$ cat upload38.cif   # mmCIF, C-alpha atoms
data_input
loop_
_atom_site.label_atom_id
_atom_site.label_comp_id
_atom_site.auth_asym_id
_atom_site.auth_seq_id
_atom_site.Cartn_x
_atom_site.Cartn_y
_atom_site.Cartn_z
CA MET D 293 107.17 100.57 163.21
CA ASN D 294 108.74 97.49 161.65
CA ARG D 295 105.30 96.24 160.73
CA ILE D 296 104.48 99.53 158.95
CA VAL D 297 107.80 99.47 157.05
CA SER D 298 107.14 95.85 156.13
CA TRP D 299 103.66 96.59 154.77
CA VAL D 300 104.95 99.67 152.90
CA ALA D 301 107.69 97.50 151.34
CA LEU D 302 105.10 94.86 150.45
CA PHE D 303 102.90 97.48 148.80
CA ALA D 304 105.88 99.04 146.95
CA VAL D 305 107.01 95.67 145.58
CA ALA D 306 103.45 94.86 144.48
CA ILE D 307 103.18 98.20 142.64
CA GLY D 308 106.62 97.65 141.08
CA ILE D 309 105.74 94.20 139.81
CA LEU D 310 102.39 95.36 138.44
CA ALA D 311 103.95 98.40 136.74
CA GLY D 312 106.77 96.26 135.35
CA THR D 313 104.33 93.66 134.04
CA TRP D 314 102.26 96.36 132.38
CA ALA D 315 105.40 97.87 130.79
CA ALA D 316 106.63 94.44 129.64
CA VAL D 317 103.28 93.69 128.01
CA MET D 318 103.19 97.12 126.35
CA MET D 319 106.77 96.68 125.06
CA GLU D 320 106.08 93.04 124.14
CA ASN D 321 109.26 92.15 125.98
CA LEU D 322 108.89 88.44 126.70
CA ARG D 323 112.15 88.14 128.66
CA LEU D 324 111.22 90.99 131.02
CA LEU D 325 107.77 89.43 131.45
CA THR D 326 109.39 86.09 132.38
CA TYR D 327 111.58 87.78 134.99
CA LEU D 328 108.58 89.60 136.39
CA LEU D 329 106.59 86.39 136.64
CA LEU D 330 109.49 84.89 138.61
CA ALA D 331 109.50 88.01 140.80
CA LEU D 332 105.76 87.56 141.27
CA ALA D 333 106.32 83.95 142.37
CA LEU D 334 108.90 85.15 144.93
CA PHE D 335 106.50 87.86 146.07
CA LEU D 336 103.70 85.33 146.60
CA PHE D 337 106.14 83.14 148.53
CA TRP D 338 107.02 86.13 150.72
CA ILE D 339 103.32 86.81 151.42
CA TRP D 340 102.77 83.14 152.23
CA ARG D 341 105.65 83.32 154.72
CA LYS D 342 104.17 86.44 156.30
CA MET D 343 100.80 84.73 156.67
CA ASN D 344 102.35 81.86 158.61
CA VAL D 345 101.94 83.62 161.94
CA ILE D 346 103.40 80.82 164.04
CA ILE D 347 106.94 79.88 163.08
CA ASP D 348 107.67 77.19 165.63
CA GLU D 349 110.75 75.05 166.13
CA ARG D 350 109.58 72.27 163.82
CA LEU D 351 109.01 74.74 160.96
CA VAL D 352 112.42 76.30 161.61
CA LEU D 353 113.95 72.83 161.47
CA ILE D 354 112.13 72.12 158.20
CA TYR D 355 113.34 75.43 156.72
CA GLU D 356 116.91 74.77 157.87
CA LYS D 357 116.99 71.27 156.45
CA THR D 358 115.35 72.46 153.24
CA ALA D 359 117.87 75.31 152.89
CA VAL D 360 120.87 73.04 153.46
CA ARG D 361 119.58 70.34 151.10
CA THR D 362 118.76 72.98 148.46
CA LEU D 363 122.27 74.41 148.79
CA GLU D 364 123.90 70.99 148.50
CA ILE D 365 121.86 69.88 145.51
CA SER D 366 122.14 73.28 143.79
CA ILE D 367 125.92 73.30 144.15
CA LEU D 368 126.14 69.73 142.87
CA ILE D 369 123.94 70.46 139.86
CA LEU D 370 125.77 73.73 139.11
CA PHE D 371 129.14 72.00 139.46
CA LEU D 372 128.19 69.14 137.13
CA PHE D 373 126.68 71.56 134.64
CA SER D 374 129.77 73.80 134.70
CA VAL D 375 132.02 70.74 134.18
CA PHE D 376 129.79 69.77 131.26
CA ILE D 377 130.07 73.30 129.79
CA LEU D 378 133.85 73.31 130.32
CA GLY D 379 134.13 69.86 128.74
CA ILE D 380 132.18 70.90 125.66
CA GLY D 381 134.15 74.15 125.49
CA HIS D 382 137.41 72.21 125.66
CA TRP D 383 136.58 69.45 123.18
CA GLU D 384 134.79 71.69 120.70
CA ASP D 385 137.41 74.42 121.10
CA ALA D 386 134.84 77.08 122.06
CA PRO D 387 136.44 79.83 124.22
CA ALA D 388 133.07 81.43 125.00
CA LEU D 389 131.87 78.21 126.64
CA LEU D 390 135.14 77.91 128.57
CA ASP D 391 134.65 81.46 129.89
CA GLN D 392 131.08 80.69 130.94
CA GLY D 393 132.17 77.45 132.58
CA PHE D 394 134.88 79.21 134.59
CA ALA D 395 132.42 81.96 135.56
CA MET D 396 130.04 79.31 136.89
CA ILE D 397 132.85 77.64 138.84
CA GLN D 398 133.73 81.04 140.36
CA ASN D 399 130.12 81.50 141.46
CA ILE D 400 130.08 78.04 143.02
CA LEU D 401 133.29 78.79 144.92
CA LEU D 402 131.77 82.07 146.12
CA ILE D 403 128.71 80.23 147.44
CA ILE D 404 130.95 77.67 149.18
CA LEU D 405 132.99 80.52 150.69
CA VAL D 406 129.85 82.19 152.06
CA PHE D 407 128.74 78.78 153.40
CA ILE D 408 132.07 78.35 155.22
CA ILE D 409 131.90 81.90 156.66
CA PHE D 410 128.37 81.25 157.98
CA GLY D 411 129.57 77.89 159.28
CA PHE D 412 132.32 79.56 161.30
CA TYR D 413 129.88 82.21 162.53
CA TYR D 414 127.37 79.66 163.81
CA SER D 415 130.15 77.45 165.22
CA ARG D 416 131.27 80.38 167.35
CA LYS D 417 127.72 81.38 168.17
CA PHE D 418 126.84 77.93 169.45
CA GLY D 419 130.10 77.59 171.34
CA VAL D 420 132.00 74.93 169.46
CA PHE D 421 135.33 76.74 169.81
CA ASP D 422 137.08 77.13 173.17
CA GLU D 423 137.44 80.70 174.31
CA MET B 143 111.35 58.26 171.36
CA ASN B 144 107.76 57.44 172.31
CA ASN B 145 105.42 59.75 174.14
CA ARG B 146 102.03 59.77 175.80
CA ILE B 147 100.92 63.23 174.76
CA LYS B 148 97.80 61.94 173.02
CA ILE B 149 96.70 60.13 176.19
CA TYR B 150 97.20 63.22 178.37
CA ARG B 151 95.59 65.45 175.76
CA THR B 152 92.44 63.33 175.55
CA GLU B 153 92.34 63.02 179.35
CA HIS B 154 92.28 66.82 179.52
CA GLY B 155 89.65 66.97 176.78
CA LEU B 156 91.82 69.02 174.46
CA THR B 157 92.02 69.04 170.69
CA GLN B 158 95.38 69.20 168.94
CA GLU B 159 94.58 72.78 167.93
CA GLU B 160 93.83 73.85 171.52
CA LEU B 161 97.02 72.26 172.82
CA ALA B 162 99.02 73.83 170.01
CA VAL B 163 97.66 77.29 170.80
CA ALA B 164 98.39 76.80 174.50
CA LEU B 165 101.99 75.82 173.75
CA GLY B 166 102.56 78.39 171.00
CA VAL B 167 103.21 75.90 168.21
CA THR B 168 101.32 74.75 165.13
CA ARG B 169 98.79 71.93 165.15
CA GLN B 170 101.00 70.06 162.70
CA THR B 171 103.80 70.08 165.27
CA ILE B 172 101.55 68.49 167.90
CA LEU B 173 100.45 65.93 165.32
CA ALA B 174 104.07 65.17 164.35
CA ILE B 175 105.10 64.76 168.02
CA GLU B 176 102.15 62.49 168.76
CA LYS B 177 102.95 60.34 165.74
CA GLY B 178 106.59 60.14 166.85
CA LYS B 179 107.81 61.79 163.65
CA TYR B 180 109.32 64.76 165.44
CA ASP B 181 111.14 64.94 168.76
CA PRO B 182 110.45 68.27 170.46
CA SER B 183 113.23 70.48 171.78
CA LEU B 184 114.03 70.39 175.47
CA GLU B 185 112.22 73.71 175.91
CA LEU B 186 109.03 72.46 174.26
CA ALA B 187 109.24 69.18 176.17
CA PHE B 188 109.36 71.15 179.43
CA LYS B 189 106.43 73.28 178.30
CA ILE B 190 104.37 70.17 177.51
CA SER B 191 105.14 68.44 180.81
CA ARG B 192 104.44 71.59 182.83
CA TYR B 193 101.21 72.17 180.94
CA PHE B 194 99.95 68.73 181.98
CA GLY B 195 101.49 69.07 185.46
CA VAL B 196 103.59 65.93 185.24
CA THR B 197 107.28 65.14 184.89
CA MET B 198 108.90 64.73 181.52
CA GLU B 199 109.56 61.05 182.17
CA GLU B 200 105.83 60.48 182.52
CA ILE B 201 105.21 61.85 179.07
CA PHE B 202 108.33 61.01 177.10
CA LEU B 203 109.54 57.45 177.05
CA TYR B 204 113.10 56.99 175.93
CA GLU B 205 113.87 53.44 174.94
CA ASP B 206 117.56 52.72 174.90
CA GLU B 207 118.58 50.86 171.74
CA ASP B 208 120.69 48.43 173.79
CA ARG B 209 117.73 47.42 175.90
CA SER B 210 115.23 46.93 173.10
#
$ encode --input "upload38.cif" --output "structure tokens"
Amino acid sequence: MNRIVSWVALFAVAIGILAGTWAAVMMENLRLLTYLLLALALFLFWIWRKMNVIIDERLVLIYEKTAVRTLEISILILFLFSVFILGIGHWEDAPALLDQGFAMIQNILLIILVFIIFGFYYSRKFGVFDE
Amino acid sequence: MNNRIKIYRTEHGLTQEELAVALGVTRQTILAIEKGKYDPSLELAFKISRYFGVTMEEIFLYEDEDRS
């Protein structure tokens, strides 16, 4: 059943992306087309993951390490970029940039919060805390 | 950690692919273990030793840093 739902979802997403691409081309909407190309890249990544029939422990380890490193580097880059935006907003007296900088900081804090929640969850799951 | 998987594998006349299929892992994982780039989990180590019908100590050689 899950396999059928999965293939139906795969088919639906493919149709959606194709229809969206066609609409974007017809409307000459370059931004929408860019988003759809990104969606297509994600879709191809998803298919590639599905084709990897064997997900063994080494692959899981690679994915885990990749995910953690991606999170760390992404947060660092986002943080530095938001500080840069805030700095420019402050020195050039641009309130719009300050707002965007604070919004980025909020997003970073949200990601860190989710990271901490997952950290607690897995700490409990793998028995770090005493019962 | 060193191991003698390649020796046992060739003794049994197996390719990396055949061993990987038998153990339910990818060929790349067998390759990485043989090259010493990846240390298998305890579960996989047991599977490997049982597959060859030997103890884990006969396959996996742990060299203590103090001794070497």
$ atom_distance --input "upload38.cif" --atom1 "CA of Asp348 in chain D" --atom2 "CA of Lys177 in chain B"
17.5 Å
$ residues_near_point --input "upload38.cif" --point "(132.4, 73.4, 134.1)" --cutoff "8 Å" --atoms "only C-alpha atoms" --output "PyMOL selection string"
chain D and resi 371-379+390+393-394+396-397
$ interface_residues --input "upload38.cif" --of "chain B" --to "chain D" --cutoff "8 Å" --atoms "all atoms listed in the file" --output "short mmCIF file (atom, residue, chain, number, x, y, z; two decimals) with C-alpha atoms, in the frame of the given file"
data_model
loop_
_atom_site.label_atom_id
_atom_site.label_comp_id
_atom_site.auth_asym_id
_atom_site.auth_seq_id
_atom_site.Cartn_x
_atom_site.Cartn_y
_atom_site.Cartn_z
CA GLY B 166 102.56 78.39 171.00
CA VAL B 167 103.21 75.90 168.21
CA THR B 168 101.32 74.75 165.13
CA THR B 171 103.80 70.08 165.27
CA TYR B 180 109.32 64.76 165.44
CA PRO B 182 110.45 68.27 170.46
CA SER B 183 113.23 70.48 171.78
#
$ residues_around --input "upload38.cif" --residues "Ile201 in chain B" --least-positions-apart "2" --cutoff "9 Å" --atoms "only C-alpha atoms" --output "list in words"
Asn144, Asn145, Arg146, Ile147, Tyr150, Ala187, Ile190, Ser191, Val196, Thr197, Met198, Glu199 and Leu203 of chain B
$ resolve_selection --input "upload38.cif" --expression "the PyMOL selection byres ((chain D and resi 325-341) around 9)" --output "list in words"
Leu302, Val305, Ala306, Ile309, Leu310, Gly312, Thr313, Trp314, Ala315, Ala316, Val317, Glu320, Asn321, Leu322, Arg323, Leu324, Lys342, Met343, Asn344 and Val345 of chain D
$ atom_distance --input "upload38.cif" --atom1 "CA of Leu405 in chain D" --atom2 "CA of Phe418 in chain D"
19.9 Å
$ residues_around --input "upload38.cif" --residues "Ile404 in chain D" --least-positions-apart "5" --cutoff "9 Å" --atoms "all atoms listed in the file" --output "JSON, numbers by chain"
{"D": [367, 399, 409]}
$ decode --input "upload38.cif" --residues "range 181-208 of chain B" --atoms "N, CA and C atoms" --output "mmCIF file, in the first residue's frame"
data_model
loop_
_atom_site.group_PDB
_atom_site.id
_atom_site.type_symbol
_atom_site.label_atom_id
_atom_site.label_comp_id
_atom_site.auth_asym_id
_atom_site.auth_seq_id
_atom_site.Cartn_x
_atom_site.Cartn_y
_atom_site.Cartn_z
ATOM 1 N N ASP B 181 34.754 1.390 9.860
ATOM 2 C CA ASP B 181 34.622 0.309 10.844
ATOM 3 C C ASP B 181 33.158 -0.105 10.922
ATOM 4 N N PRO B 182 32.870 -1.379 10.666
ATOM 5 C CA PRO B 182 31.457 -1.805 10.669
ATOM 6 C C PRO B 182 30.866 -1.769 12.075
ATOM 7 N N SER B 183 29.534 -1.721 12.121
ATOM 8 C CA SER B 183 28.854 -1.772 13.410
ATOM 9 C C SER B 183 29.046 -3.167 14.013
ATOM 10 N N LEU B 184 28.723 -3.273 15.283
ATOM 11 C CA LEU B 184 28.856 -4.571 15.958
ATOM 12 C C LEU B 184 27.997 -5.629 15.260
ATOM 13 N N GLU B 185 26.802 -5.206 14.850
ATOM 14 C CA GLU B 185 25.870 -6.131 14.190
ATOM 15 C C GLU B 185 26.469 -6.661 12.880
ATOM 16 N N LEU B 186 27.010 -5.750 12.082
ATOM 17 C CA LEU B 186 27.588 -6.166 10.804
ATOM 18 C C LEU B 186 28.851 -7.004 11.029
ATOM 19 N N ALA B 187 29.613 -6.646 12.052
ATOM 20 C CA ALA B 187 30.818 -7.419 12.367
ATOM 21 C C ALA B 187 30.440 -8.862 12.730
ATOM 22 N N PHE B 188 29.372 -9.011 13.500
ATOM 23 C CA PHE B 188 28.886 -10.364 13.841
ATOM 24 C C PHE B 188 28.442 -11.111 12.580
ATOM 25 N N LYS B 189 27.717 -10.387 11.726
ATOM 26 C CA LYS B 189 27.241 -11.017 10.486
ATOM 27 C C LYS B 189 28.415 -11.528 9.661
ATOM 28 N N ILE B 190 29.449 -10.692 9.549
ATOM 29 C CA ILE B 190 30.621 -11.062 8.737
ATOM 30 C C ILE B 190 31.303 -12.297 9.328
ATOM 31 N N SER B 191 31.528 -12.266 10.641
ATOM 32 C CA SER B 191 32.244 -13.392 11.268
ATOM 33 C C SER B 191 31.430 -14.679 11.178
ATOM 34 N N ARG B 192 30.115 -14.565 11.376
ATOM 35 C CA ARG B 192 29.273 -15.765 11.269
ATOM 36 C C ARG B 192 29.212 -16.286 9.838
ATOM 37 N N TYR B 193 29.231 -15.359 8.896
ATOM 38 C CA TYR B 193 29.187 -15.773 7.489
ATOM 39 C C TYR B 193 30.401 -16.634 7.152
ATOM 40 N N PHE B 194 31.574 -16.229 7.664
ATOM 41 C CA PHE B 194 32.791 -16.987 7.381
ATOM 42 C C PHE B 194 33.011 -18.126 8.384
ATOM 43 N N GLY B 195 32.166 -18.192 9.404
ATOM 44 C CA GLY B 195 32.257 -19.275 10.388
ATOM 45 C C GLY B 195 33.479 -19.180 11.289
ATOM 46 N N VAL B 196 33.879 -17.967 11.590
ATOM 47 C CA VAL B 196 35.020 -17.769 12.491
ATOM 48 C C VAL B 196 34.637 -16.752 13.572
ATOM 49 N N THR B 197 35.511 -16.568 14.530
ATOM 50 C CA THR B 197 35.219 -15.584 15.579
ATOM 51 C C THR B 197 35.568 -14.183 15.060
ATOM 52 N N MET B 198 35.057 -13.211 15.753
ATOM 53 C CA MET B 198 35.328 -11.828 15.334
ATOM 54 C C MET B 198 36.810 -11.493 15.454
ATOM 55 N N GLU B 199 37.446 -12.054 16.498
ATOM 56 C CA GLU B 199 38.868 -11.745 16.703
ATOM 57 C C GLU B 199 39.739 -12.258 15.561
ATOM 58 N N GLU B 200 39.238 -13.299 14.878
ATOM 59 C CA GLU B 200 40.022 -13.834 13.759
ATOM 60 C C GLU B 200 39.936 -12.935 12.528
ATOM 61 N N ILE B 201 38.890 -12.145 12.476
ATOM 62 C CA ILE B 201 38.721 -11.268 11.318
ATOM 63 C C ILE B 201 39.178 -9.839 11.628
ATOM 64 N N PHE B 202 38.729 -9.347 12.779
ATOM 65 C CA PHE B 202 39.040 -7.950 13.117
ATOM 66 C C PHE B 202 40.190 -7.894 14.114
ATOM 67 N N LEU B 203 41.167 -7.097 13.765
ATOM 68 C CA LEU B 203 42.360 -6.994 14.598
ATOM 69 C C LEU B 203 42.426 -5.592 15.191
ATOM 70 N N TYR B 204 42.194 -5.538 16.491
ATOM 71 C CA TYR B 204 42.240 -4.239 17.148
ATOM 72 C C TYR B 204 43.620 -4.026 17.744
ATOM 73 N N GLU B 205 44.282 -2.991 17.261
ATOM 74 C CA GLU B 205 45.616 -2.688 17.774
ATOM 75 C C GLU B 205 45.514 -1.517 18.733
ATOM 76 N N ASP B 206 45.803 -1.808 20.000
ATOM 77 C CA ASP B 206 45.748 -0.767 21.011
ATOM 78 C C ASP B 206 46.818 0.283 20.721
ATOM 79 N N GLU B 207 46.435 1.549 20.838
ATOM 80 C CA GLU B 207 47.383 2.631 20.542
ATOM 81 C C GLU B 207 48.592 2.607 21.467
ATOM 82 N N ASP B 208 48.369 2.140 22.727
ATOM 83 C CA ASP B 208 49.473 2.112 23.689
ATOM 84 C C ASP B 208 50.533 1.084 23.286
#
